[in-house]
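Data file: coords_22.cif. Format and content: mmCIF, C-alpha atoms.
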```
data_run
loop_
_atom_site.label_atom_id
_atom_site.label_comp_id
_atom_site.auth_asym_id
_atom_site.auth_seq_id
_atom_site.Cartn_x
_atom_site.Cartn_y
_atom_site.Cartn_z
CA MET A 1 0.00 0.00 0.00
CA ALA A 2 1.48 3.31 -1.14
CA GLN A 3 0.17 5.29 1.83
CA LYS A 4 1.74 2.89 4.27
CA GLN A 5 5.06 3.18 2.45
CA LEU A 6 4.90 6.96 2.60
CA PHE A 7 4.15 6.82 6.30
CA GLU A 8 7.02 4.42 6.92
CA GLY A 9 9.39 6.63 4.95
CA TYR A 10 8.44 10.03 6.36
CA GLY A 11 6.86 9.16 9.72
CA ASN A 12 9.96 9.78 11.83
CA VAL A 13 10.85 13.02 10.07
CA ILE A 14 7.37 14.38 10.52
CA TYR A 15 7.20 13.28 14.14
CA ARG A 16 10.47 15.05 14.96
CA LEU A 17 9.25 18.16 13.26
CA ALA A 18 5.99 18.10 15.22
CA PHE A 19 7.82 17.35 18.47
CA ARG A 20 10.10 20.34 17.99
CA TYR A 21 7.11 22.63 18.10
CA LEU A 22 4.90 20.88 20.61
CA ARG A 23 7.30 19.24 23.09
CA GLU A 24 4.61 16.71 24.06
CA ARG A 25 4.61 13.23 22.63
CA ALA A 26 0.81 12.82 22.48
CA ASP A 27 0.34 16.21 20.82
CA ALA A 28 3.07 15.45 18.33
CA GLU A 29 1.44 12.13 17.47
CA ASP A 30 -1.89 13.85 16.95
CA VAL A 31 -0.27 16.34 14.60
CA VAL A 32 1.46 13.53 12.70
CA SER A 33 -1.77 11.66 12.13
CA GLU A 34 -3.58 14.86 11.15
CA ALA A 35 -0.82 15.88 8.74
CA PHE A 36 -0.71 12.48 7.04
CA CYS A 37 -4.48 12.36 6.73
CA LEU A 38 -4.50 15.79 5.11
CA ALA A 39 -1.65 14.79 2.83
CA PHE A 40 -3.42 11.60 1.72
CA GLU A 41 -6.63 13.48 1.08
CA ASN A 42 -4.94 16.16 -1.03
CA ILE A 43 -2.15 14.23 -2.64
CA GLY A 44 -4.20 13.78 -5.81
CA LYS A 45 -4.63 17.53 -6.23
CA ALA A 46 -0.92 18.34 -6.06
CA THR A 47 1.83 17.58 -8.58
CA PHE A 48 5.41 17.05 -7.45
CA GLN A 49 8.41 17.33 -9.70
CA SER A 50 10.59 15.34 -7.33
CA VAL A 51 10.71 13.77 -3.88
CA PRO A 52 12.08 16.90 -2.10
CA PHE A 53 9.03 18.84 -3.26
CA PHE A 54 6.75 16.27 -1.68
CA GLU A 55 8.79 16.30 1.52
CA ALA A 56 8.69 20.08 1.70
CA TRP A 57 4.92 20.02 1.10
CA LEU A 58 4.42 17.43 3.83
CA LYS A 59 6.59 19.43 6.25
CA ARG A 60 4.65 22.57 5.50
CA ILE A 61 1.39 20.77 6.28
CA THR A 62 2.90 19.52 9.53
CA VAL A 63 4.11 22.97 10.57
CA ASN A 64 0.67 24.42 9.88
CA GLU A 65 -0.97 21.67 11.90
CA ALA A 66 1.48 22.17 14.75
CA LEU A 67 0.77 25.89 14.84
CA LYS A 68 -2.95 25.12 14.78
CA SER A 69 -2.49 22.79 17.72
CA LEU A 70 -0.55 25.44 19.63
CA ARG A 71 -3.28 28.00 19.04
CA LYS A 72 -5.92 25.47 20.10
CA ARG A 73 -4.19 24.85 23.39
CA ALA A 74 -4.27 28.60 24.04
CA ASN A 75 -0.78 28.63 25.45
CA PHE A 76 0.78 30.19 22.44
CA HIS A 77 1.97 33.46 23.86
CA LEU A 78 4.97 35.61 23.16
CA LEU A 79 7.36 36.88 25.83
CA SER A 80 8.46 40.46 25.55
CA ASP A 81 9.79 41.70 28.84
CA SER A 82 12.81 39.57 29.64
CA GLU A 83 16.27 40.67 28.51
CA PHE A 84 19.30 38.43 28.49
CA GLU A 85 22.95 39.26 28.45
CA ILE A 86 24.73 37.74 25.50
CA GLU A 87 27.89 35.91 26.44
CA ALA A 88 30.43 34.26 24.25
CA VAL A 89 30.33 30.47 24.09
CA SER A 90 33.65 28.75 23.68
CA GLU A 91 34.24 26.40 20.77
CA ASN A 92 35.01 23.55 23.13
CA THR A 93 31.63 23.91 24.67
CA ILE A 94 29.99 23.86 21.29
CA GLU A 95 31.85 20.75 20.29
CA ARG A 96 30.91 18.98 23.47
CA LEU A 97 27.22 19.62 22.98
CA SER A 98 25.42 16.41 22.12
CA ALA A 99 22.29 16.15 19.97
CA ALA A 100 20.24 15.17 23.00
CA GLN A 101 21.40 18.25 24.89
CA ILE A 102 20.56 20.49 21.96
CA TRP A 103 17.10 18.97 21.66
CA GLU A 104 16.61 19.43 25.37
CA ILE A 105 17.61 23.09 25.53
CA VAL A 106 15.55 23.95 22.47
CA SER A 107 12.49 22.15 23.79
CA GLN A 108 12.85 24.01 27.11
CA LEU A 109 12.45 27.38 25.40
CA PRO A 110 9.12 29.16 25.96
CA VAL A 111 6.56 28.40 23.31
CA GLY A 112 6.73 31.76 21.54
CA TYR A 113 10.53 31.80 21.37
CA ARG A 114 10.71 28.19 20.31
CA THR A 115 8.14 28.61 17.57
CA VAL A 116 9.79 31.65 16.03
CA PHE A 117 13.25 30.05 16.37
CA ASN A 118 12.07 26.87 14.67
CA LEU A 119 10.27 28.70 11.90
CA TYR A 120 13.17 31.05 11.15
CA GLU A 121 16.31 29.01 11.85
CA ILE A 122 15.23 25.49 10.92
CA GLU A 123 12.34 25.81 8.44
CA GLY A 124 13.81 28.91 6.85
CA TYR A 125 10.75 31.14 6.80
CA SER A 126 11.28 34.89 6.59
CA HIS A 127 10.14 37.26 9.30
CA ALA A 128 7.35 38.49 7.03
CA GLU A 129 6.07 34.94 6.58
CA ILE A 130 6.36 34.22 10.28
CA ALA A 131 4.49 37.41 11.09
CA LYS A 132 1.71 36.35 8.76
CA MET A 133 1.56 32.80 10.09
CA LEU A 134 1.50 33.81 13.73
CA ASN A 135 -0.52 36.97 13.21
CA ILE A 136 2.17 39.18 14.73
CA SER A 137 4.28 42.03 13.42
CA GLU A 138 7.64 41.49 11.77
CA GLY A 139 9.34 43.41 14.58
CA THR A 140 7.86 41.08 17.14
CA SER A 141 9.10 38.11 15.17
CA LYS A 142 12.60 39.55 15.06
CA SER A 143 12.68 40.36 18.76
CA GLN A 144 11.33 36.90 19.66
CA LEU A 145 14.09 35.31 17.61
CA SER A 146 16.74 37.46 19.22
CA LYS A 147 15.53 36.59 22.70
CA ALA A 148 15.30 32.91 21.83
CA LYS A 149 18.93 32.95 20.74
CA SER A 150 20.00 34.77 23.86
CA LEU A 151 18.24 32.25 26.03
CA LEU A 152 19.78 29.36 24.15
CA GLN A 153 23.25 30.80 24.67
CA LYS A 154 22.54 31.26 28.33
CA ARG A 155 21.43 27.65 28.66
CA VAL A 156 24.49 26.40 26.82
CA ILE A 157 26.76 28.37 29.16
CA GLU A 158 24.90 26.90 32.13
CA LEU A 159 25.47 23.45 30.72
CA GLU A 160 29.15 24.26 30.39
CA LYS A 161 29.33 25.43 33.99
CA ASP A 162 27.68 22.20 35.16
CA TYR A 163 30.18 20.25 33.09
CA VAL A 164 33.15 22.11 34.62
CA GLN A 165 31.81 21.62 38.13
CA SER A 166 31.33 17.93 37.58
CA LYS A 167 34.96 17.72 36.41
CA ILE A 168 36.20 19.52 39.52
CA VAL A 169 34.19 17.22 41.81
CA ARG A 170 35.80 14.21 40.19
CA MET B 1 27.55 36.95 13.87
CA TYR B 2 27.96 36.41 17.56
CA ASN B 3 28.05 32.68 18.53
CA GLN B 4 27.28 31.75 14.95
CA LYS B 5 28.92 28.36 15.32
CA LEU B 6 26.62 27.47 18.15
CA PHE B 7 23.51 28.21 16.12
CA ASP B 8 24.89 26.43 13.10
CA LYS B 9 25.35 23.32 15.22
CA ILE B 10 21.86 23.65 16.66
CA ARG B 11 20.42 24.03 13.15
CA GLU B 12 22.30 21.00 11.87
CA THR B 13 21.25 18.89 14.80
CA LEU B 14 17.60 19.78 14.63
CA SER B 15 17.47 19.46 10.84
CA ASP B 16 19.09 16.02 10.88
CA ASP B 17 16.24 13.70 10.03
CA THR B 18 18.36 10.58 10.26
CA ALA B 19 19.54 10.88 13.86
CA GLU B 20 18.31 7.89 15.82
CA ASP B 21 19.98 8.37 19.20
CA VAL B 22 17.74 11.05 20.59
CA SER B 23 15.23 9.96 23.20
CA PRO B 24 12.16 12.08 22.21
CA PHE B 25 11.94 10.17 18.95
CA GLU B 26 10.39 7.16 20.59
CA TRP B 27 6.77 7.27 19.58
CA ASP B 28 3.95 4.86 18.92
CA LYS B 29 4.19 4.64 15.17
CA LYS B 30 1.82 1.70 14.90
CA ALA B 31 -0.97 3.40 16.84
CA VAL B 32 -0.64 6.55 14.76
CA TRP B 33 -0.81 4.54 11.55
CA GLU B 34 -3.91 2.71 12.78
CA ARG B 35 -5.51 6.07 13.51
CA ILE B 36 -4.69 7.30 10.00
CA GLU B 37 -5.92 4.06 8.47
CA THR B 38 -9.20 4.23 10.35
CA ARG B 39 -9.77 7.81 9.32
CA ASN B 40 -8.95 7.23 5.67
CA SER B 41 -10.87 3.96 5.43
CA PRO B 42 -13.71 3.94 2.87
CA ARG B 43 -15.73 1.81 5.29
CA ARG B 44 -16.06 4.90 7.46
CA GLY B 45 -18.36 6.50 4.91
CA PHE B 46 -20.18 3.22 4.43
CA ALA B 47 -20.73 2.90 8.16
CA PHE B 48 -22.11 6.42 8.29
CA SER B 49 -24.49 5.77 5.41
CA ARG B 50 -25.56 2.52 7.06
CA TRP B 51 -26.34 4.35 10.28
CA ALA B 52 -28.18 7.04 8.33
CA ALA B 53 -30.30 4.35 6.68
CA VAL B 54 -31.08 2.78 10.06
CA ALA B 55 -32.04 6.18 11.47
CA ALA B 56 -34.27 6.90 8.47
CA ALA B 57 -35.99 3.53 8.85
CA PHE B 58 -36.53 4.15 12.55
CA ILE B 59 -38.10 7.55 11.87
CA GLY B 60 -40.28 5.97 9.19
CA ILE B 61 -41.50 3.30 11.60
CA LEU B 62 -42.26 5.96 14.22
CA LEU B 63 -44.29 8.01 11.74
CA LEU B 64 -46.15 4.93 10.51
CA GLY B 65 -46.94 3.88 14.07
CA LYS B 66 -48.21 7.35 14.89
CA TRP B 67 -50.43 7.33 11.83
CA LEU B 68 -51.78 3.86 12.58
CA LEU B 69 -52.58 4.74 16.18
CA ASN B 70 -54.37 7.96 15.31
CA PRO B 71 -55.47 8.01 11.68
CA HIS B 72 -58.31 10.53 12.09
CA SER B 73 -56.15 13.35 13.38
CA SER B 74 -53.99 13.38 10.28
CA THR B 75 -56.89 13.04 7.81
CA GLN B 76 -57.81 16.30 6.18
CA LEU B 77 -61.03 16.69 4.24
CA PRO B 78 -60.27 17.46 0.61
CA PRO B 79 -62.32 20.17 -1.05
CA SER B 80 -63.96 17.65 -3.41
CA LEU B 81 -65.57 15.82 -0.45
CA VAL B 82 -68.63 16.86 1.49
CA LYS B 83 -69.09 15.77 5.06
CA VAL B 84 -72.40 14.00 5.60
CA THR B 85 -74.07 14.64 8.93
CA PRO B 86 -75.73 11.36 9.85
CA GLN B 87 -79.39 11.30 10.84
CA ARG B 88 -79.56 10.85 14.60
CA SER B 89 -83.23 10.00 15.01
CA LEU B 90 -85.16 7.32 13.22
CA ALA B 91 -88.52 8.63 14.41
CA ASN B 92 -89.14 10.05 10.98
CA PRO B 93 -87.03 8.06 8.57
CA LEU B 94 -86.92 9.27 5.08
CA VAL B 95 -86.77 6.39 2.67
CA GLU B 96 -87.15 7.46 -0.82
CA PRO B 97 -88.41 5.22 -3.56
CA LEU B 98 -85.94 3.72 -5.96
CA LYS B 99 -83.30 3.55 -3.21
CA VAL B 100 -83.18 -0.23 -2.95
CA ALA B 101 -81.37 -0.65 -6.19
CA ALA B 102 -78.89 2.02 -5.26
CA THR B 103 -78.37 1.02 -1.64
CA GLN B 104 -75.93 -1.80 -2.37
CA GLN B 105 -73.69 0.45 -4.37
CA GLU B 106 -73.68 3.00 -1.59
CA LYS B 107 -72.90 0.34 0.96
CA ALA B 108 -69.71 -0.56 -0.82
CA LEU B 109 -68.74 3.06 -0.92
CA VAL B 110 -69.34 3.52 2.78
CA LYS B 111 -67.30 0.46 3.68
CA LYS B 112 -64.47 1.69 1.60
CA ASN B 113 -64.41 5.07 3.34
CA LYS B 114 -65.28 3.74 6.76
CA SER B 115 -62.20 5.06 8.52
CA TYR B 116 -62.83 8.58 7.27
CA GLY B 117 -66.58 8.83 7.84
CA TYR B 118 -67.13 10.77 4.64
CA VAL B 119 -69.12 10.10 1.52
CA GLU B 120 -68.41 11.53 -1.86
CA LYS B 121 -71.12 13.90 -2.90
CA MET B 122 -70.77 13.24 -6.61
CA LEU B 123 -71.40 9.54 -6.27
CA VAL B 124 -74.60 10.08 -4.32
CA VAL B 125 -75.97 12.35 -7.02
CA GLU B 126 -75.05 9.83 -9.69
CA ASP B 127 -77.01 7.11 -7.95
CA ARG B 128 -80.11 9.21 -7.83
CA TRP B 129 -80.05 10.13 -11.49
CA ALA B 130 -79.08 6.69 -12.69
CA VAL B 131 -82.02 4.86 -11.15
CA GLU B 132 -84.88 7.29 -11.38
CA PRO B 133 -86.92 6.69 -14.53
CA GLU B 134 -88.25 9.47 -16.66
CA ASP B 135 -91.82 8.24 -16.65
CA SER B 136 -92.96 7.75 -13.06
CA SER B 137 -96.48 6.66 -14.11
CA LYS B 138 -95.15 3.18 -14.88
CA LEU B 139 -93.86 2.58 -11.36
CA SER B 140 -95.47 0.14 -8.97
CA GLN B 141 -94.66 0.09 -5.26
CA VAL B 142 -94.01 -2.71 -2.79
CA VAL B 143 -93.53 -1.97 0.89
CA VAL B 144 -91.19 -4.28 2.79
CA GLN B 145 -90.57 -4.30 6.55
CA ALA B 146 -86.92 -3.61 7.26
CA ASP B 147 -85.45 -5.25 10.38
CA ALA B 148 -82.19 -3.40 10.26
CA ILE B 149 -83.64 0.05 10.90
CA ILE B 150 -85.22 -0.78 14.25
CA SER B 151 -82.14 0.17 16.29
CA PRO B 152 -83.13 3.12 18.56
CA GLN B 153 -79.83 5.05 18.47
CA PRO B 154 -77.75 3.88 15.58
CA GLN B 155 -74.19 5.06 15.18
CA PRO B 156 -73.45 7.44 12.34
CA LEU B 157 -71.43 4.89 10.40
CA ALA B 158 -74.13 2.29 10.83
CA LEU B 159 -76.56 4.75 9.37
CA LEU B 160 -74.30 5.35 6.45
CA GLU B 161 -74.00 1.63 5.84
CA LYS B 162 -77.76 1.26 5.78
CA GLY B 163 -78.01 4.03 3.24
CA GLU B 164 -80.13 6.17 5.55
CA ALA B 165 -77.95 9.22 5.38
CA PHE B 166 -77.76 9.48 1.63
CA PRO B 167 -81.14 11.04 0.92
CA ARG B 168 -80.26 14.00 3.13
CA VAL B 169 -77.32 15.02 1.04
CA GLU B 170 -79.09 16.34 -2.00
CA LYS B 171 -82.53 16.83 -0.56
CA GLU B 172 -82.89 20.56 -1.28
CA ALA B 173 -81.10 20.44 -4.57
CA SER B 174 -83.17 17.57 -5.92
CA GLU B 175 -86.65 18.78 -5.00
CA ALA B 176 -87.36 19.73 -8.58
CA HIS B 177 -86.36 16.30 -9.85
CA LYS B 178 -88.51 14.29 -7.49
CA SER B 179 -91.29 12.29 -8.98
CA PRO B 180 -94.86 12.77 -7.75
CA LEU B 181 -94.73 9.27 -6.34
CA SER B 182 -91.75 10.08 -4.13
CA GLN B 183 -93.46 13.21 -2.78
CA LYS B 184 -96.47 11.14 -1.96
CA GLU B 185 -94.24 8.66 -0.15
CA GLU B 186 -92.73 11.39 1.99
CA GLY B 187 -96.15 12.38 3.25
CA ASP B 188 -97.03 8.79 4.00
CA SER B 189 -93.82 8.14 5.83
CA ARG B 190 -94.36 11.07 8.19
CA ASP B 191 -97.67 9.56 9.29
CA ASN B 192 -96.35 6.04 9.62
CA VAL B 193 -94.26 5.58 12.79
CA THR B 194 -92.84 2.15 11.92
CA PRO B 195 -89.75 2.44 9.76
CA LYS B 196 -90.25 0.84 6.42
CA GLU B 197 -88.26 0.12 3.39
CA ARG B 198 -89.97 0.38 0.05
CA VAL B 199 -89.07 -1.54 -3.00
CA LEU B 200 -90.19 -0.52 -6.42
CA ILE B 201 -90.53 -2.80 -9.35
CA VAL B 202 -90.09 -0.89 -12.52
CA ASP B 203 -91.48 -1.93 -15.87
CA ILE B 204 -89.51 -0.23 -18.57
CA ASP B 205 -90.41 -0.68 -22.20
CA ILE B 206 -87.31 -1.32 -24.21
CA PRO B 207 -87.77 -0.14 -27.78
CA ASP B 208 -87.44 -2.83 -30.44
CA LEU B 209 -84.42 -2.90 -32.60
CA PRO B 210 -84.93 -1.74 -36.18
CA GLU B 211 -85.83 -4.62 -38.43
CA LYS B 212 -83.11 -5.97 -40.61
CA THR B 213 -83.63 -5.79 -44.29
CA PRO B 214 -82.99 -8.95 -46.38
CA ALA B 215 -80.30 -7.13 -48.28
CA GLN B 216 -78.39 -6.41 -45.05
CA ASP B 217 -78.62 -10.07 -44.00
CA LEU B 218 -77.39 -11.26 -47.35
CA LEU B 219 -74.45 -8.87 -47.30
CA ARG B 220 -73.46 -9.93 -43.80
CA THR B 221 -73.70 -13.64 -44.57
CA THR B 222 -71.67 -13.27 -47.74
CA PHE B 223 -68.94 -11.37 -45.98
CA LEU B 224 -68.68 -13.90 -43.15
CA GLU B 225 -68.59 -16.89 -45.50
CA ARG B 226 -65.93 -15.31 -47.67
CA PHE B 227 -63.87 -14.24 -44.72
CA SER B 228 -63.97 -17.65 -43.06
CA ARG B 229 -63.13 -19.41 -46.32
CA GLU B 230 -60.16 -17.18 -46.90
CA THR B 231 -58.94 -17.61 -43.36
CA ARG B 232 -59.25 -21.39 -43.55
CA ARG B 233 -57.28 -21.44 -46.79
CA LEU B 234 -54.44 -19.40 -45.38
CA ARG B 235 -54.28 -21.52 -42.24
CA THR B 236 -54.10 -24.74 -44.25
CA GLU B 237 -51.37 -23.38 -46.48
CA ARG B 238 -49.32 -22.33 -43.54
CA LYS B 239 -49.71 -25.73 -41.92
CA PHE B 240 -48.43 -27.47 -45.04
CA ASP B 241 -45.53 -25.08 -45.26
CA LEU B 242 -44.50 -25.87 -41.73
CA ARG B 243 -44.72 -29.62 -42.29
CA ALA B 244 -42.60 -29.36 -45.41
CA LEU B 245 -39.99 -27.38 -43.55
CA ASP B 246 -39.99 -29.90 -40.73
CA ARG B 247 -39.30 -32.73 -43.15
CA ARG B 248 -36.61 -30.85 -45.00
CA ALA B 249 -34.73 -29.35 -42.07
CA GLY B 250 -35.03 -32.15 -39.57
CA LYS B 251 -34.70 -31.56 -35.88
CA GLY B 252 -31.87 -29.30 -35.04
CA VAL B 253 -30.75 -25.73 -35.01
CA TRP B 254 -31.75 -25.29 -38.67
CA SER B 255 -35.38 -26.16 -37.94
CA LEU B 256 -35.53 -23.37 -35.42
CA VAL B 257 -34.05 -20.94 -37.91
CA ALA B 258 -36.36 -22.18 -40.69
CA HIS B 259 -39.43 -21.72 -38.55
CA SER B 260 -38.50 -18.17 -37.90
CA LEU B 261 -38.07 -17.54 -41.61
CA VAL B 262 -41.53 -18.79 -42.67
CA VAL B 263 -43.42 -16.10 -44.56
CA PRO B 264 -46.60 -16.51 -46.66
CA GLU B 265 -44.66 -15.93 -49.90
CA SER B 266 -42.10 -18.68 -49.22
CA LYS B 267 -43.70 -21.71 -50.77
#
```

For the file at hand, write its structure as structure tokens.
Amino acid sequence: MAQKQLFEGYGNVIYRLAFRYLRERADAEDVVSEAFCLAFENIGKATFQSVPFFEAWLKRITVNEALKSLRKRANFHLLSDSEFEIEAVSENTIERLSAAQIWEIVSQLPVGYRTVFNLYEIEGYSHAEIAKMLNISEGTSKSQLSKAKSLLQKRVIELEKDYVQSKIVR
Amino acid sequence: MYNQKLFDKIRETLSDDTAEDVSPFEWDKKAVWERIETRNSPRRGFAFSRWAAVAAAFIGILLLGKWLLNPHSSTQLPPSLVKVTPQRSLANPLVEPLKVAATQQEKALVKKNKSYGYVEKMLVVEDRWAVEPEDSSKLSQVVVQADAIISPQPQPLALLEKGEAFPRVEKEASEAHKSPLSQKEEGDSRDNVTPKERVLIVDIDIPDLPEKTPAQDLLRTTFLERFSRETRRLRTERKFDLRALDRRAGKGVWSLVAHSLVVPESK
């Protein structure tokens, strides 16, 4: 069955994408099923020149569904008042960062920061597109991204401090 | 850009679709697929239509039951029908002459419309005109005691079945058409307390058919003889044709074909 093959091939990718936005396994699974159902319903209407086009289309559907889910849960709010000091992160620290740690610090970001960071840095949307998708201004999108990056740096530095302390204790 | 390397690494890590060593990626793939399969299944639509059919049948049964339990409430009187008010008292029954012949026809009508309690006006008028003769001087009268009319307080439908209510329908309208004999009977019936049913025996002269002329008879006989002779000849010829074909073709597929090809010219 072609649908089953598509699900087997793209299921993990789509789940990771949904999880990046939603941080909850059950919500991510809901978004995956919703995205695949929509894709199967509309796959006959679209024409794809190659596999990457289909993958991009499927990811776009998933992102839209994830944003819809965030809005439905009514916890999609943007932070505006906190300011963070930007500190330099050493290259050693960056090299030591594992994938699991990166996933963890990104998923711990507040919803608004995380969403804008994901949309801009990973999916590659412009601030204008993000503003349209989230119904915010472009300036807000930019400031949310800036704060998200600052917070990420702060968390990475904290991780580094914990690492150094654990070394000293040993 | 400041800390660009850090964000590049974050981007690469999060974009890597093939990484398998990250814990959040454990998810119930099978359950999600079952959910998708259930939602995309064509049986889902079938199940809905099946339930819709069951619901429609249930509503139909409810409506039918309601109608069966209370048929009178939903029956509306059409404009072509006239409601007949049955005669309550039999103290002064009005039995018109010439009704006996028409009573049986009216009975059937009343039984047919028993659940409605209505009688069609047009049919009642037709009965009256169909039976009444033009020449009332040839009528003779027989009075018969009717047992069925003795009931002191008959129900309206029972009255209708006995044909008692019919004369009331067109009483005023048909005054001009009444025969002198019927008017006389009305006067008699008012004096007589015992309900009676009158039967009339009518002698009607049927005019004789015009006499046939000998020329007409001769023409008719000649035509019939010629027609029957011609028909017999054609039938015999056709029979011989069929026998000949049977002998020639034998029993098989050809005989069936040959039979279908028989025409009067093929001799």

Contacts of chain B with chain A up to 6 Å, shortest pair per row, all atoms listed in the file, as a Markdown table:
```
| residue | atom | partner | partner_atom | distance |
| --- | --- | --- | --- | --- |
| B:Leu6 | CA | A:Ile94 | CA | 5.9 |
| B:Arg11 | CA | A:Ile122 | CA | 5.8 |
| B:Thr13 | CA | A:Ala99 | CA | 5.9 |
| B:Asp17 | CA | A:Val13 | CA | 5.4 |
| B:Val22 | CA | A:Ala100 | CA | 5.4 |
| B:Val32 | CA | A:Ser33 | CA | 5.9 |
| B:Ile36 | CA | A:Ser33 | CA | 5.7 |
```

_I'd like to see the residues matched by the PyMOL selection byres ((chain A and resi 140) around 10) on this file, and ideally I'd get them as an MDAnalysis selection string._
chainID A and resid 78:80 116 127 130:131 136:139 141:146

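Closest to Asn135 (chain A) among A:Leu67, A:Ala18, A:Ala148, A:Leu6 is A:Leu67, based on only C-alpha atoms.
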
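Here CA of Arg238 (chain B) and CA of Thr221 (chain B) stand 25.9 Å from one another.
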
*Any idea what the distance is between CA of Ile59 (chain B) and CA of Thr38 (chain B)?*
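Going from CA of Ile59 (chain B) over to CA of Thr38 (chain B), I get 29.1 Å.
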
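Put simply, CA of Lys68 (chain A) is 18.8 Å away from CA of Leu109 (chain A).
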
Region 103-117 of chain A rebuilt with N, CA, C and O atoms, output as a PDB file, in the frame of the given file:
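Just written: selection28.pdb:
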```pdb
ATOM      1  N   TRP A 103      18.562  19.176  21.701  1.00  0.00           N
ATOM      2  CA  TRP A 103      17.100  18.970  21.660  1.00  0.00           C
ATOM      3  C   TRP A 103      16.467  19.415  22.975  1.00  0.00           C
ATOM      4  O   TRP A 103      15.399  20.011  22.989  1.00  0.00           O
ATOM      5  N   GLU A 104      17.170  19.110  24.051  1.00  0.00           N
ATOM      6  CA  GLU A 104      16.610  19.430  25.370  1.00  0.00           C
ATOM      7  C   GLU A 104      16.555  20.954  25.589  1.00  0.00           C
ATOM      8  O   GLU A 104      15.514  21.467  26.013  1.00  0.00           O
ATOM      9  N   ILE A 105      17.624  21.645  25.256  1.00  0.00           N
ATOM     10  CA  ILE A 105      17.610  23.090  25.530  1.00  0.00           C
ATOM     11  C   ILE A 105      16.646  23.835  24.596  1.00  0.00           C
ATOM     12  O   ILE A 105      16.025  24.810  24.994  1.00  0.00           O
ATOM     13  N   VAL A 106      16.508  23.301  23.383  1.00  0.00           N
ATOM     14  CA  VAL A 106      15.550  23.950  22.470  1.00  0.00           C
ATOM     15  C   VAL A 106      14.114  23.690  22.933  1.00  0.00           C
ATOM     16  O   VAL A 106      13.261  24.587  22.919  1.00  0.00           O
ATOM     17  N   SER A 107      13.857  22.473  23.367  1.00  0.00           N
ATOM     18  CA  SER A 107      12.490  22.150  23.790  1.00  0.00           C
ATOM     19  C   SER A 107      12.106  22.855  25.094  1.00  0.00           C
ATOM     20  O   SER A 107      10.928  22.997  25.395  1.00  0.00           O
ATOM     21  N   GLN A 108      13.147  23.298  25.862  1.00  0.00           N
ATOM     22  CA  GLN A 108      12.850  24.010  27.110  1.00  0.00           C
ATOM     23  C   GLN A 108      12.580  25.509  26.898  1.00  0.00           C
ATOM     24  O   GLN A 108      12.219  26.209  27.839  1.00  0.00           O
ATOM     25  N   LEU A 109      12.749  25.964  25.684  1.00  0.00           N
ATOM     26  CA  LEU A 109      12.450  27.380  25.400  1.00  0.00           C
ATOM     27  C   LEU A 109      10.943  27.633  25.559  1.00  0.00           C
ATOM     28  O   LEU A 109      10.136  26.734  25.323  1.00  0.00           O
ATOM     29  N   PRO A 110      10.566  28.833  25.940  1.00  0.00           N
ATOM     30  CA  PRO A 110       9.120  29.160  25.960  1.00  0.00           C
ATOM     31  C   PRO A 110       8.504  28.983  24.565  1.00  0.00           C
ATOM     32  O   PRO A 110       9.212  29.083  23.555  1.00  0.00           O
ATOM     33  N   VAL A 111       7.229  28.776  24.569  1.00  0.00           N
ATOM     34  CA  VAL A 111       6.560  28.400  23.310  1.00  0.00           C
ATOM     35  C   VAL A 111       6.777  29.446  22.208  1.00  0.00           C
ATOM     36  O   VAL A 111       7.094  29.089  21.066  1.00  0.00           O
ATOM     37  N   GLY A 112       6.602  30.702  22.553  1.00  0.00           N
ATOM     38  CA  GLY A 112       6.730  31.760  21.540  1.00  0.00           C
ATOM     39  C   GLY A 112       8.123  31.802  20.958  1.00  0.00           C
ATOM     40  O   GLY A 112       8.302  31.841  19.737  1.00  0.00           O
ATOM     41  N   TYR A 113       9.131  31.783  21.829  1.00  0.00           N
ATOM     42  CA  TYR A 113      10.530  31.800  21.370  1.00  0.00           C
ATOM     43  C   TYR A 113      10.807  30.588  20.486  1.00  0.00           C
ATOM     44  O   TYR A 113      11.413  30.682  19.425  1.00  0.00           O
ATOM     45  N   ARG A 114      10.405  29.444  21.009  1.00  0.00           N
ATOM     46  CA  ARG A 114      10.710  28.190  20.310  1.00  0.00           C
ATOM     47  C   ARG A 114      10.076  28.171  18.925  1.00  0.00           C
ATOM     48  O   ARG A 114      10.700  27.739  17.945  1.00  0.00           O
ATOM     49  N   THR A 115       8.848  28.653  18.852  1.00  0.00           N
ATOM     50  CA  THR A 115       8.140  28.610  17.570  1.00  0.00           C
ATOM     51  C   THR A 115       8.834  29.511  16.546  1.00  0.00           C
ATOM     52  O   THR A 115       9.098  29.089  15.411  1.00  0.00           O
ATOM     53  N   VAL A 116       9.147  30.729  16.969  1.00  0.00           N
ATOM     54  CA  VAL A 116       9.790  31.650  16.030  1.00  0.00           C
ATOM     55  C   VAL A 116      11.188  31.126  15.658  1.00  0.00           C
ATOM     56  O   VAL A 116      11.595  31.201  14.488  1.00  0.00           O
ATOM     57  N   PHE A 117      11.917  30.601  16.646  1.00  0.00           N
ATOM     58  CA  PHE A 117      13.250  30.050  16.370  1.00  0.00           C
ATOM     59  C   PHE A 117      13.169  28.908  15.359  1.00  0.00           C
ATOM     60  O   PHE A 117      13.939  28.850  14.403  1.00  0.00           O
TER      61      PHE A 117
END
```
